[in-house]
Amino acid sequence: MVGPATVLYIVMLVIPVGLALYLSLTDWDGFSADPAFVGAANYLDLLDDPELRRAALVTLLVAVAGTAGLNLLGLGFAVLVNGASKANTFFRIVLFYPHVLSALVVGFLWSAILGTTGAVNNLVTKWGGQVLPFLSDPTWATITMIAVLVWAGFGVNVVLYLAGLQAVPHSLLEAARIDGATRRQVFRNVTLPALGPSVTVNIVLSLVTLLKTYDLVVSLTAGGPAGQTQTVAYLILWNSFHDARLGFGSAQSVLLMLVTAALAFVVTKLRRRGELAVHQ
């Protein structure tokens with residue numbers, strides 16, 4: 001069983017990463033048969049690329065705010081629908097449903113709702129109001145994009161937190177209640193510490209997912225207005241295929257991969273230190 005898994009790992013991960021590293025050291029345009037080796041030139045160009053700096057700030061904002069929203073909503077709704085009942089089963093399905101939709105479909109859907117000529121603005125102007133710049137103003141567009149990302153993805157966090165809540169020993173909960181703890185005290189001092197592994201998994205998964213946000217940007221804002229909602233992943237695909245700079249795009253992708261791995265490592269380490277501090 002180890003052999004096939006090793007082959008799959010090499011084919012699906014090691015080879016693509018190695019190829020990306022190699023291409024990042026070339027000026028390949030995606031068409032030429034013999035790309036020229038340029039060494040670290042692409043990485044040096046990244047330092048002077050204003051578009052990448054702007055996209056990095058947008059991506060960081062999306063990752064931080066989106067992770068907070070996904071986990072707060074995920075945990076909050078998981079607590080609300082925890083427990084065995086037909087109503088809770090129904091609400092779990094409803095909460096998870098947006099995640100089933102393709103991100104492209106979600107983007108087009110919300111663009112039709114919040115666009116300048118969308119359903120919301122049609123109603124607002126019909127009632128005599130001004131058009132709301134959900135997708136035409138840089139600040140509004142960024143906030144809208146984050147909100148849509150959270151709406152589309154927090155169902156997964158609900159499921160993961162539900163699994164964590166159902167794994168909390170009932171004996172601990174009953175002991176706390178017998179000792180006179182209120183519901184809030186039980187949650188803060190018993191339930192929340194027991195959810196440590198679930199919190200770590202949810203934060204890491206949310207960060208990794210949001211750092212590579214691309215498809216929803218394409219269908220919701222197309223990187224606009226004026227490129228203000230471009231994420232790093234969107235910029236990588238734009239540079240690689242629209243501008244035919246696959247070498248430069250590969251360098252950007254390697255950088256994004258390293259940053260993502262570093263953030264996941266830091267979050268995991270910090271959470272483990274927190275768990276050790278609680279046990280001590």
# chains A, B, ... in the order shown; residues from 1 in each chain; ligands from 1
call {"tool": "residues_around", "arguments": {"residues": "Val38 (chain A)", "least_positions_apart": "5", "cutoff": "10 Å", "atoms": "only C-alpha atoms", "output": "count of residues only"}}
result
7
call {"tool": "closest_atom_pairs", "arguments": {"of": "region 201-232 of chain A", "to": "region 94-102 of chain A", "cutoff": "12 Å", "atoms": "only C-alpha atoms", "output": "Markdown table"}}
result
| residue | atom | partner | partner_atom | distance |
| --- | --- | --- | --- | --- |
| A:Asp215 | CA | A:Ser102 | CA | 8.9 |
| A:Leu216 | CA | A:Ser102 | CA | 8.8 |
| A:Ser219 | CA | A:Ser102 | CA | 10.7 |
call {"tool": "residues_around", "arguments": {"residues": "region 82-86 of chain A", "least_positions_apart": "3", "cutoff": "12 Å", "atoms": "only C-alpha atoms", "output": "PyMOL selection string"}}
result
chain A and resi 74-79+89-93+158-168
call {"tool": "closest_residue", "arguments": {"among": "A:Leu255, A:Ala33, A:Ala226, A:Leu192", "to": "Asp137 (chain A)", "atoms": "only C-alpha atoms"}}
result
A:Ala226
call {"tool": "residues_around", "arguments": {"residues": "Gly118 (chain A)", "least_positions_apart": "4", "cutoff": "12 Å", "atoms": "only C-alpha atoms", "output": "MDAnalysis selection string"}}
result
chainID A and resid 108:114 122:125 131:135
call {"tool": "closest_atom_pairs", "arguments": {"of": "region 179-208 of chain A", "to": "region 151-157 of chain A", "cutoff": "12 Å", "atoms": "only C-alpha atoms", "output": "tab-separated table"}}
result
residue	atom	partner	partner_atom	distance
A:Ser198	CA	A:Asn157	CA	9.1
A:Val199	CA	A:Asn157	CA	9.3
A:Thr200	CA	A:Asn157	CA	11.4
A:Val201	CA	A:Asn157	CA	9.4
A:Asn202	CA	A:Asn157	CA	6.3
A:Ile203	CA	A:Asn157	CA	9.2
A:Val204	CA	A:Asn157	CA	11.2
A:Leu205	CA	A:Asn157	CA	9.2
A:Ser206	CA	A:Asn157	CA	8.5
A:Leu207	CA	A:Gly153	CA	11.9
call {"tool": "atom_distance", "arguments": {"atom1": "CA of Met257 (chain A)", "atom2": "CA of Val64 (chain A)"}}
result
16.9 Å
call {"tool": "closest_residue", "arguments": {"among": "A:Ala55, A:Ala222, A:Val266, A:Ala244", "to": "Phe31 (chain A)", "atoms": "only C-alpha atoms"}}
result
A:Ala244
call {"tool": "residues_around", "arguments": {"residues": "Tyr234 (chain A)", "least_positions_apart": "2", "cutoff": "9 Å", "atoms": "only C-alpha atoms", "output": "list in words"}}
result
Ala55, Lys212, Thr213, Tyr214, Asp215, Val217, Val218, Ala222, Gly223, Gln230, Thr231, Val232, Ile236, Leu237, Trp238 and Asn239 of chain A
call {"tool": "write_last_selection", "arguments": {"atoms": "N, CA, C and O atoms", "output": "PDB file, in the first residue's frame"}}
result
ATOM      1  N   ALA A  55      -1.671  43.273  -4.728  1.00  0.00           N
ATOM      2  CA  ALA A  55      -2.389  41.998  -4.647  1.00  0.00           C
ATOM      3  C   ALA A  55      -2.088  41.274  -3.350  1.00  0.00           C
ATOM      4  O   ALA A  55      -2.960  40.612  -2.780  1.00  0.00           O
ATOM      5  N   LYS A 212      -5.388  31.291  -1.728  1.00  0.00           N
ATOM      6  CA  LYS A 212      -5.364  30.934  -3.149  1.00  0.00           C
ATOM      7  C   LYS A 212      -6.694  31.275  -3.841  1.00  0.00           C
ATOM      8  O   LYS A 212      -7.039  30.698  -4.863  1.00  0.00           O
ATOM      9  N   THR A 213      -7.405  32.244  -3.307  1.00  0.00           N
ATOM     10  CA  THR A 213      -8.667  32.675  -3.895  1.00  0.00           C
ATOM     11  C   THR A 213      -8.461  33.183  -5.319  1.00  0.00           C
ATOM     12  O   THR A 213      -7.659  34.095  -5.547  1.00  0.00           O
ATOM     13  N   TYR A 214      -9.183  32.618  -6.242  1.00  0.00           N
ATOM     14  CA  TYR A 214      -9.048  33.020  -7.638  1.00  0.00           C
ATOM     15  C   TYR A 214     -10.396  33.019  -8.367  1.00  0.00           C
ATOM     16  O   TYR A 214     -10.812  34.029  -8.931  1.00  0.00           O
ATOM     17  N   ASP A 215     -11.072  31.867  -8.361  1.00  0.00           N
ATOM     18  CA  ASP A 215     -12.252  31.715  -9.211  1.00  0.00           C
ATOM     19  C   ASP A 215     -13.374  32.669  -8.843  1.00  0.00           C
ATOM     20  O   ASP A 215     -14.069  33.195  -9.723  1.00  0.00           O
ATOM     21  N   VAL A 217     -13.016  35.631  -7.582  1.00  0.00           N
ATOM     22  CA  VAL A 217     -12.603  36.954  -8.045  1.00  0.00           C
ATOM     23  C   VAL A 217     -12.940  37.123  -9.528  1.00  0.00           C
ATOM     24  O   VAL A 217     -13.409  38.180  -9.963  1.00  0.00           O
ATOM     25  N   VAL A 218     -12.706  36.073 -10.307  1.00  0.00           N
ATOM     26  CA  VAL A 218     -12.970  36.121 -11.751  1.00  0.00           C
ATOM     27  C   VAL A 218     -14.428  36.432 -12.027  1.00  0.00           C
ATOM     28  O   VAL A 218     -14.763  37.296 -12.846  1.00  0.00           O
ATOM     29  N   ALA A 222     -13.801  40.366 -11.367  1.00  0.00           N
ATOM     30  CA  ALA A 222     -12.800  40.324 -12.442  1.00  0.00           C
ATOM     31  C   ALA A 222     -11.563  41.128 -12.078  1.00  0.00           C
ATOM     32  O   ALA A 222     -10.881  41.683 -12.931  1.00  0.00           O
ATOM     33  N   GLY A 223     -11.269  41.190 -10.786  1.00  0.00           N
ATOM     34  CA  GLY A 223     -10.106  41.933 -10.318  1.00  0.00           C
ATOM     35  C   GLY A 223     -10.325  43.419 -10.182  1.00  0.00           C
ATOM     36  O   GLY A 223      -9.458  44.140  -9.678  1.00  0.00           O
ATOM     37  N   GLN A 230      -7.647  42.419  -7.113  1.00  0.00           N
ATOM     38  CA  GLN A 230      -6.820  41.305  -7.576  1.00  0.00           C
ATOM     39  C   GLN A 230      -6.136  40.637  -6.395  1.00  0.00           C
ATOM     40  O   GLN A 230      -5.518  41.302  -5.575  1.00  0.00           O
ATOM     41  N   THR A 231      -6.251  39.322  -6.307  1.00  0.00           N
ATOM     42  CA  THR A 231      -5.500  38.558  -5.327  1.00  0.00           C
ATOM     43  C   THR A 231      -4.231  38.032  -5.982  1.00  0.00           C
ATOM     44  O   THR A 231      -4.056  38.116  -7.198  1.00  0.00           O
ATOM     45  N   VAL A 232      -3.337  37.484  -5.172  1.00  0.00           N
ATOM     46  CA  VAL A 232      -2.086  36.967  -5.715  1.00  0.00           C
ATOM     47  C   VAL A 232      -2.352  35.826  -6.691  1.00  0.00           C
ATOM     48  O   VAL A 232      -1.745  35.756  -7.765  1.00  0.00           O
ATOM     49  N   ILE A 236      -1.311  35.689 -10.565  1.00  0.00           N
ATOM     50  CA  ILE A 236      -0.470  34.618 -11.106  1.00  0.00           C
ATOM     51  C   ILE A 236      -1.054  34.106 -12.425  1.00  0.00           C
ATOM     52  O   ILE A 236      -0.343  33.972 -13.426  1.00  0.00           O
ATOM     53  N   LEU A 237      -2.337  33.814 -12.429  1.00  0.00           N
ATOM     54  CA  LEU A 237      -2.969  33.305 -13.646  1.00  0.00           C
ATOM     55  C   LEU A 237      -2.988  34.364 -14.746  1.00  0.00           C
ATOM     56  O   LEU A 237      -2.810  34.045 -15.933  1.00  0.00           O
ATOM     57  N   TRP A 238      -3.172  35.625 -14.377  1.00  0.00           N
ATOM     58  CA  TRP A 238      -3.195  36.708 -15.366  1.00  0.00           C
ATOM     59  C   TRP A 238      -1.823  36.863 -16.026  1.00  0.00           C
ATOM     60  O   TRP A 238      -1.708  36.939 -17.248  1.00  0.00           O
ATOM     61  N   ASN A 239      -0.774  36.903 -15.187  1.00  0.00           N
ATOM     62  CA  ASN A 239       0.571  37.056 -15.736  1.00  0.00           C
ATOM     63  C   ASN A 239       0.981  35.837 -16.567  1.00  0.00           C
ATOM     64  O   ASN A 239       1.643  35.971 -17.599  1.00  0.00           O
TER      65      ASN A 239
END
